[in-house]
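Chemist: Can you read through this structure? Questions will come right after.
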Amino acid sequence: MRYQNATAYRFLAPYLLIFSIFWLWPIIDSFLISFQATRTVPWRFAPTFNWGRLIGDPAFFNALKNTLLILVIQVPVMISLAIVMAVLLNSPLLKARGLFRFAFFAPVVVGEVAYSAVFRLMFNLDYGIINKLLNSIGLPSVDWFTNVTPAMAVIMMAVTWRWAGYNAIILLAGLQSIPEDVYEAATLDRVSKVKQFFYITLPLLEPIIVFCAVLSIIGTMQLFTEPFLITERGGPGGGTETLGLLLYRQGFRSLNFGYASAVAYTMAGLAIAISLVQIWLTREPK
C-alpha cells in the first residue's frame with residue numbers, strides 16, 4: 001500500500017509542483033504583500049498601513065456598496081429566472097428542447113468583450129435599440145450611462161443575460177434527478193401543479209439552488225468586466241465601480257499592490273462569509 005501511494009504521488013508531482021508555483025504561492029505572497037507599504041522603495045513591513053486605510057477609504061465603501069447592491073438585487077432575480085427557465089426546459093410539452101438548452105447556455109460562451117460592446121450599443125442614447133423601442137411606445141429616451149441608477153440597471157441586466165441560462169442548465173440537471181413517482185403520487189392525490197412546484201420541486205431542488213446561489217455570490221464579488229467595459233470603468237463618477245474594479249485600479253493603474261491585495265482578501269473573505277451564511281440558513285434541521 002505504501003508503495004502504491006508513493007507511485008501515485010510521483011505521478012501527481014508535476015501537477016502539484018505547477019499548482020504550488022502558479023496558484024498556491026501567489027495566494028500566500030499576495031497575503032503577505034497586503035501587510036507591506038508598496039508605495040515606498042524598498043517596500044517595508046507595515047501591518048496596519050493597508051488594512052487601516054481600507055477601514056476609512058470612501059472609495060472602498062462606495063465599491064462595497066455597489067457590489068452588495070448588485071448582489072442583493074441581481075442574484076435573487078437571476079436565480080428566480082433560472083428556476084423558471086429550468087422548469088420550462090424540463091417540460092415534456094416543449095419541442096426541440098435541445099435547441100432551447102443550447103440557446104440558453106450560449107451567452108456563457110460569448111466573449112465578455114464582445115457582449116459588453118453589444119450591450120453598450122444597445123443602450124446608446126442616440127441610436128441604441130432600447131431607446132428606439134421606448135420611443136416607439138411613446139416613452140422618452142433614457143440616458144443610460146450618465147445617471148447612476150440606469151447605469152447600474154444595465155450592469156444587472158447584462159450579468160443576468162449572461163449567467164441566467166448557465167444556472168438554468170445546472171438547475172435542469174437537478175430537476176431531472178427528482179423521481180417522477182413523486183409527481184405521479186401527488187397528481188393521484190389531486191395536488192395542483194402550482195402546489196407541486198412549491199411543495200415538491202423547490203424543496204427537493206434546494207441544494208442545487210444553494211449551489212447556484214453560492215457560485216453567483218462568488219462571481220458577483222469578483223465582478224469586473226461589465227462595469228469596466230459597459231459603463232467605462234465604473235462610471236458615472238464611480239457609481240457602478242465594484243470591488244473588482246477598485247482592485248484593478250489600485251493594483252494595475254496606481255501600482256499600489258499592497259492595498260490591492262488587502263482589497264482582494266476582503267473580497268474573498270466577504271464571498272466566503274456570505275456563502276457560509278447562505279448555506280447555514282438553508283441547512284436541513286437535525
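As shown in the C-alpha cells, the chain order sets the letters A, B, ...; within each chain, residues go from 1, and ligands are also counted from 1 in the order they appear.
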At a cut-off of 10 Å, using only C-alpha atoms, what residues contact A:Ile279? Leave out same-chain residues fewer than 5 positions from it and give the result as a PyMOL selection string.

Modeler: chain A and resi 207+210-211+213-214+273-274+284

Chemist: With only C-alpha atoms as the counted atoms, please give the residues lying no more than 10 Å from A:Phe60, apart from itself and same-chain residues fewer than 2 positions off, as a ChimeraX atom specification.

Modeler: /A:53-58,62-66,241-243,246-247,263

Chemist: Now that the selection is made, can you save its residues with all heavy atoms as a CSV table (one decimal), in the first residue's frame?

Modeler:
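Okay, this is what ended up in result23.csv:
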chain,number,residue,atom,x,y,z
A,53,ARG,N,-6.1,51.8,6.1
A,53,ARG,CA,-6.7,52.6,5.0
A,53,ARG,C,-8.0,52.1,4.5
A,53,ARG,O,-8.9,52.8,4.2
A,53,ARG,CB,-5.7,52.7,3.9
A,53,ARG,CG,-6.2,53.5,2.7
A,53,ARG,CD,-5.3,53.5,1.5
A,53,ARG,NE,-5.9,54.1,0.4
A,53,ARG,CZ,-5.4,54.2,-0.9
A,53,ARG,NH1,-4.1,53.7,-1.1
A,53,ARG,NH2,-6.0,54.7,-1.9
A,54,LEU,N,-8.1,50.8,4.5
A,54,LEU,CA,-9.3,50.1,4.0
A,54,LEU,C,-10.5,50.5,4.8
A,54,LEU,O,-11.6,50.8,4.3
A,54,LEU,CB,-9.1,48.6,4.0
A,54,LEU,CG,-10.1,47.7,3.2
A,54,LEU,CD1,-9.8,47.9,1.7
A,54,LEU,CD2,-9.9,46.3,3.6
A,55,ILE,N,-10.3,50.6,6.1
A,55,ILE,CA,-11.5,50.9,7.0
A,55,ILE,C,-12.0,52.3,6.8
A,55,ILE,O,-13.2,52.6,6.9
A,55,ILE,CB,-11.0,50.7,8.5
A,55,ILE,CG1,-10.7,49.3,8.7
A,55,ILE,CG2,-12.1,51.2,9.4
A,55,ILE,CD1,-10.1,49.0,10.1
A,56,GLY,N,-11.1,53.3,6.4
A,56,GLY,CA,-11.5,54.7,6.3
A,56,GLY,C,-11.5,55.2,4.9
A,56,GLY,O,-11.6,56.4,4.6
A,57,ASP,N,-11.5,54.3,3.9
A,57,ASP,CA,-11.4,54.7,2.5
A,57,ASP,C,-12.8,54.9,1.9
A,57,ASP,O,-13.5,53.8,1.7
A,57,ASP,CB,-10.6,53.7,1.7
A,57,ASP,CG,-10.4,54.1,0.2
A,57,ASP,OD1,-10.8,55.3,-0.1
A,57,ASP,OD2,-9.8,53.4,-0.6
A,58,PRO,N,-13.3,56.1,1.5
A,58,PRO,CA,-14.6,56.2,0.9
A,58,PRO,C,-14.8,55.5,-0.4
A,58,PRO,O,-15.9,55.0,-0.7
A,58,PRO,CB,-14.7,57.7,0.7
A,58,PRO,CG,-13.7,58.3,1.6
A,58,PRO,CD,-12.6,57.4,1.7
A,62,ASN,N,-17.7,52.8,-1.3
A,62,ASN,CA,-18.5,53.0,-2.4
A,62,ASN,C,-18.6,51.8,-3.3
A,62,ASN,O,-19.6,51.3,-3.7
A,62,ASN,CB,-18.0,54.2,-3.3
A,62,ASN,CG,-18.7,54.4,-4.6
A,62,ASN,OD1,-19.9,54.7,-4.6
A,62,ASN,ND2,-18.0,54.1,-5.7
A,63,ALA,N,-17.4,51.2,-3.5
A,63,ALA,CA,-17.3,49.9,-4.3
A,63,ALA,C,-18.0,48.8,-3.6
A,63,ALA,O,-18.7,48.0,-4.2
A,63,ALA,CB,-15.9,49.6,-4.6
A,64,LEU,N,-17.9,48.7,-2.3
A,64,LEU,CA,-18.6,47.7,-1.5
A,64,LEU,C,-20.1,47.8,-1.6
A,64,LEU,O,-20.8,46.9,-1.8
A,64,LEU,CB,-18.1,47.8,0.0
A,64,LEU,CG,-18.8,46.8,0.9
A,64,LEU,CD1,-18.5,45.3,0.5
A,64,LEU,CD2,-18.3,47.1,2.4
A,65,LYS,N,-20.6,49.1,-1.5
A,65,LYS,CA,-22.0,49.4,-1.6
A,65,LYS,C,-22.5,48.9,-2.9
A,65,LYS,O,-23.6,48.3,-3.0
A,65,LYS,CB,-22.3,50.8,-1.4
A,65,LYS,CG,-23.7,51.2,-1.5
A,65,LYS,CD,-23.9,52.7,-1.7
A,65,LYS,CE,-23.4,53.1,-3.1
A,65,LYS,NZ,-23.6,54.5,-3.4
A,66,ASN,N,-21.8,49.3,-4.0
A,66,ASN,CA,-22.3,48.9,-5.4
A,66,ASN,C,-22.3,47.4,-5.6
A,66,ASN,O,-23.2,46.8,-6.2
A,66,ASN,CB,-21.4,49.6,-6.4
A,66,ASN,CG,-21.5,51.1,-6.4
A,66,ASN,OD1,-22.5,51.6,-6.0
A,66,ASN,ND2,-20.4,51.8,-6.8
A,241,GLU,N,-18.8,51.4,-9.8
A,241,GLU,CA,-17.5,50.8,-9.5
A,241,GLU,C,-17.7,49.7,-8.5
A,241,GLU,O,-18.3,49.9,-7.5
A,241,GLU,CB,-16.5,51.8,-9.0
A,241,GLU,CG,-15.1,51.2,-8.7
A,241,GLU,CD,-14.1,52.2,-8.3
A,241,GLU,OE1,-14.2,52.8,-7.2
A,241,GLU,OE2,-13.1,52.4,-9.1
A,242,THR,N,-17.2,48.5,-8.8
A,242,THR,CA,-17.3,47.3,-7.9
A,242,THR,C,-15.9,47.1,-7.3
A,242,THR,O,-14.9,47.7,-7.6
A,242,THR,CB,-17.7,46.1,-8.7
A,242,THR,OG1,-16.7,45.8,-9.7
A,242,THR,CG2,-19.0,46.3,-9.4
A,243,LEU,N,-15.9,46.1,-6.3
A,243,LEU,CA,-14.7,45.8,-5.6
A,243,LEU,C,-13.6,45.3,-6.6
A,243,LEU,O,-12.4,45.6,-6.5
A,243,LEU,CB,-14.9,44.8,-4.5
A,243,LEU,CG,-15.7,45.3,-3.3
A,243,LEU,CD1,-16.0,44.1,-2.4
A,243,LEU,CD2,-14.9,46.3,-2.6
A,246,LEU,N,-12.2,48.3,-8.3
A,246,LEU,CA,-11.3,49.0,-7.4
A,246,LEU,C,-10.0,48.3,-7.2
A,246,LEU,O,-8.9,49.0,-7.2
A,246,LEU,CB,-12.0,49.1,-6.0
A,246,LEU,CG,-11.1,49.8,-4.9
A,246,LEU,CD1,-10.9,51.3,-5.2
A,246,LEU,CD2,-11.8,49.6,-3.5
A,247,LEU,N,-10.0,47.0,-7.1
A,247,LEU,CA,-8.8,46.2,-7.1
A,247,LEU,C,-7.9,46.5,-8.3
A,247,LEU,O,-6.7,46.7,-8.2
A,247,LEU,CB,-9.1,44.8,-6.9
A,247,LEU,CG,-8.0,43.7,-6.7
A,247,LEU,CD1,-8.5,42.5,-6.1
A,247,LEU,CD2,-7.2,43.4,-7.9
A,263,VAL,N,-7.6,44.6,-0.6
A,263,VAL,CA,-9.0,44.6,-1.2
A,263,VAL,C,-9.3,43.2,-1.7
A,263,VAL,O,-10.4,42.8,-1.5
A,263,VAL,CB,-9.0,45.6,-2.4
A,263,VAL,CG1,-10.4,45.5,-3.1
A,263,VAL,CG2,-8.9,47.1,-1.9

Chemist: Among stretch 24-242 of chain A, which residues does DSSP mark as alpha helix (DSSP H) when it is run on the backbone? Keep the chain and numbering as in the structure and answer as a PyMOL selection string.

Modeler: chain A and resi 25-33+49-55+58-89+97-109+112-122+129-136+148-176+180-188+193-196+202-221+225-229

Chemist: For A:Arg162, find every residue with an atom within 12 Å (counting only C-alpha atoms), except residues of its own chain fewer than 5 positions away, and show them as a PyMOL selection string.

Modeler: chain A and resi 74+78+82+103-112+114-116+119+155-157+167-168+216+219+225-226

Chemist: Atoms to include: C-alpha atoms. Write the selected residues as a PDB file, in the first residue's frame.

Modeler:
ATOM      1  CA  GLN A  74     -29.405  40.866  -9.332  1.00  0.00           C
ATOM      2  CA  MET A  78     -31.283  35.769 -11.798  1.00  0.00           C
ATOM      3  CA  ALA A  82     -33.144  30.448 -13.895  1.00  0.00           C
ATOM      4  CA  ALA A 103     -29.706  28.811 -26.776  1.00  0.00           C
ATOM      5  CA  PHE A 104     -29.981  29.463 -23.034  1.00  0.00           C
ATOM      6  CA  PHE A 105     -26.427  28.278 -22.408  1.00  0.00           C
ATOM      7  CA  ALA A 106     -24.910  30.104 -25.402  1.00  0.00           C
ATOM      8  CA  PRO A 107     -24.385  33.516 -23.678  1.00  0.00           C
ATOM      9  CA  VAL A 108     -21.733  31.940 -21.433  1.00  0.00           C
ATOM     10  CA  VAL A 109     -19.536  31.073 -24.425  1.00  0.00           C
ATOM     11  CA  VAL A 110     -19.819  34.557 -25.926  1.00  0.00           C
ATOM     12  CA  GLY A 111     -16.710  36.626 -25.270  1.00  0.00           C
ATOM     13  CA  GLU A 112     -17.103  39.130 -22.439  1.00  0.00           C
ATOM     14  CA  ALA A 114     -17.998  41.233 -27.424  1.00  0.00           C
ATOM     15  CA  TYR A 115     -21.191  41.058 -25.431  1.00  0.00           C
ATOM     16  CA  SER A 116     -20.247  44.123 -23.364  1.00  0.00           C
ATOM     17  CA  PHE A 119     -24.886  45.985 -24.592  1.00  0.00           C
ATOM     18  CA  ILE A 155     -24.954  46.173 -15.461  1.00  0.00           C
ATOM     19  CA  MET A 156     -27.535  43.962 -13.736  1.00  0.00           C
ATOM     20  CA  MET A 157     -29.346  43.179 -16.986  1.00  0.00           C
ATOM     21  CA  ASN A 167     -27.704  28.454 -13.830  1.00  0.00           C
ATOM     22  CA  ALA A 168     -30.828  27.169 -15.569  1.00  0.00           C
ATOM     23  CA  SER A 216     -23.352  33.622  -8.157  1.00  0.00           C
ATOM     24  CA  GLY A 219     -18.963  35.710  -9.215  1.00  0.00           C
ATOM     25  CA  THR A 225     -15.707  43.158 -16.960  1.00  0.00           C
ATOM     26  CA  GLU A 226     -19.202  44.632 -17.175  1.00  0.00           C
TER      27      GLU A 226
END

Chemist: Distance atom CA of A:Ile217-atom CA of A:Leu88, one decimal place?

Modeler: 24.6 Å

Chemist: Restricting the calculation to only C-alpha atoms, which member of A:Asp189, A:Ala13, A:Asn256, A:Phe145 is positioned closest to A:Glu232?

Modeler: A:Phe145

Chemist: Could you check which of A:Thr146, A:Ser275, A:Trp280, A:Gly258 is closest to A:Thr48, using only C-alpha atoms?

Modeler: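 For A:Thr48, the nearest of the candidates is A:Gly258.
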
Chemist: Got a sec: who's within 10 Å of A:Leu255, counting only C-alpha atoms, leaving out chain neighbours fewer than 6 positions off, as a PyMOL selection string?

Modeler: chain A and resi 38-39+248-249

Chemist: Tell me, as a count of residues only, which residues lie within 8 Å of A:Asp143, counting only C-alpha atoms; anything in the same chain fewer than 4 positions away does not count.

Modeler: 4
